[in-house]
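Trainee: This is the structure, below, for whatever I ask next.
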Amino acid sequence: VDEVLSGKVDNAFCAMRPPGHHAETARPMGFCLFNTAAIAARYAQRKHGLGRVAVIDFDVHHGNGTQEIFWSDATVMYGSTHEMPLYPGTGAVSERGEHDNIVNAPLRAGDGGEKFREAFETRILPRLLAFGPELIVISAGFDAHMRDPLANLQLVEADFAWVTRKLLEVAQKTAAGRIVSVLEGGYDLQGLSQSAAHHVDALMHG
């Protein structure tokens with residue numbers, strides 16, 4: 001966050017574990033101890049004075065922790081695509097936050113790139129652009145890949161590159177291009193490595 005907001009780098013991908021998006025305010029869950037994306041968003045506000053930060057989550061599991069942390073916070077938008085029903089059981093369209101700042105776009109088992117892209121085009125990206133974030137934090141989980149053993153979506157590397165470019169387009173309009181991406185899930189090493197490579201390539205080259 002410091003590197004991006006100081007202008008030293010255009011954007012960043014943090015290849016780190018454990019993941020974070022299931023960790024709530026006071027409860028670790030689902031491999032997650034601390035909610036890294038939420039901490040990054042709040043740090044950007046408190047240390048760097050940003051007014052609006054968005055956390056966009058394309059991990060195959062819903063980020064119940066990020067949703068819980070920002071449920072009543074109008075200054076942070078949380079947007080998520082995820083498979084339902086699947087752990088942790090949250091993420092229905094009707095879960096919208098106290099300030100309509102939560103945008104859930106659930107997908108069904110077997111859905112692939114077409115449904116994923118439609119969810120972003122119709123639900124998340126328009127709301128993100130309207131929100132006008134000054135920084136986008138990506139919860140970049142790659143377990144929606146077709147090879148992943150923990151879920152049943154059928155995404156491929158090109159889908160992750162596509163969504164990265166779409167988020168870059170919004171960031172360039174509202175946030176001076178500023179994106180900080182943190183690794184969430186991804187449990188097939190081939191699918192994870194190739195998807196992350198496409199994600200980083202898109203961050204580097206647009």
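Lettering and numbering for the structure tokens are positional, with chains as A, B, ... in the shown order, residues counted from 1 in each chain, and ligands counted from 1 in the shown order.
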Please provide as a ChimeraX atom specification all residues within 9 Å of A:Gly65, with the sequence filter that same-chain residues fewer than 3 positions apart are discarded (counting only C-alpha atoms).
Mentor: /A:20-25,27-29,35,38,62,68-70
Trainee: Name the residues of stretch 37-206 of chain A that come out as alpha helix (DSSP H) in a backbone DSSP run; write them as a PyMOL selection string.
Mentor: chain A and resi 37-48+64-70+113-119+125-131+157-174+189-205
Trainee: Between atom CA of A:Leu167 and atom CA of A:Leu33, what is the distance in Å, rounded to a tenth?
Mentor: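 These two atoms are separated by 26.5 Å.
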Trainee: I'd like to know which of A:Ala140, A:Ala151, A:Leu129, A:Ala37 is closest to A:Pro85, using only C-alpha atoms.
Mentor: A:Ala151
Trainee: Given only C-alpha atoms as the basis, pick out the residue of A:Gly110, A:Pro133, A:Gly141, A:Gly97 nearest to A:Cys14.
Mentor: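 Answer, going by the shortest atom-to-atom distance: A:Gly141.
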Trainee: Just want the 9 Å neighbourhood of stretch 197-202 of chain A, counted on only C-alpha atoms, with same-chain residues fewer than 4 positions away dropped. Output as a PyMOL selection string.
Mentor: chain A and resi 12-13+140+157-158+160-165+168+192-193+206
Trainee: What's the 12 Å shell around A:Ser72, counting only C-alpha atoms, without same-chain residues fewer than 2 positions away, as a list in words?
Mentor: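 Answer for this query is Thr66, Gln67, Glu68, Ile69, Phe70, Ala74, Thr75, Val76, Met77, Tyr78, Glu95, Arg96, Gly97, Glu98, His99, Asp100, Asn101 and Ile102 of chain A.
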Trainee: Report the distance between atom CA of A:Val103 and atom CA of A:Gly79 in Å, rounded to one decimal place.
Mentor: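 So the answer is 4.6 Å.
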Trainee: I'd like the neighbourhood of A:Arg147 as a list of chain:residue names, where a residue qualifies if any of its atoms comes within 9 Å (using only C-alpha atoms), though same-chain residues fewer than 3 positions away should be ignored.
Mentor: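 Once the adjacent positions are removed, what remains is A:Asp143, A:Ala144, A:Ala151, A:Asn152, A:Leu153, A:Gln154, A:Leu155, A:Val156, A:Tyr187, A:Asp188, A:Gln190, A:Gly191, A:Leu192.
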Trainee: To one decimal place in Å, what is the distance between atom CA of A:Gly112 and atom CA of A:Leu125?
Mentor: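 Computing it gives 18.1 Å between the two atoms.
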Trainee: Measuring between only C-alpha atoms, which one of A:Gly49, A:Gly132, A:Gly91, A:Gly185 shows the shortest distance to A:Val170?
Mentor: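 Of A:Gly49, A:Gly132, A:Gly91, A:Gly185, the one nearest A:Val170 is A:Gly132, counting only C-alpha atoms.
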Trainee: A:Gly113, A:Leu135, A:Lys173, A:Cys32: which is nearest A:Met16, counting only C-alpha atoms?
Mentor: A:Cys32
Trainee: For A:Leu203, which of A:Gly30, A:Pro149, A:Gly51, A:Gly177 is the closest residue, counting only C-alpha atoms?
Mentor: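 That would be A:Gly177, the residue with the smallest distance to A:Leu203.
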Trainee: If you run DSSP on the backbone, which residues of stretch 37-199 of chain A are strand (DSSP E or B), as number ranges by chain?
Mentor: A: 53-57, 76-83, 102-107, 112, 135-140, 145, 154-155, 179-183
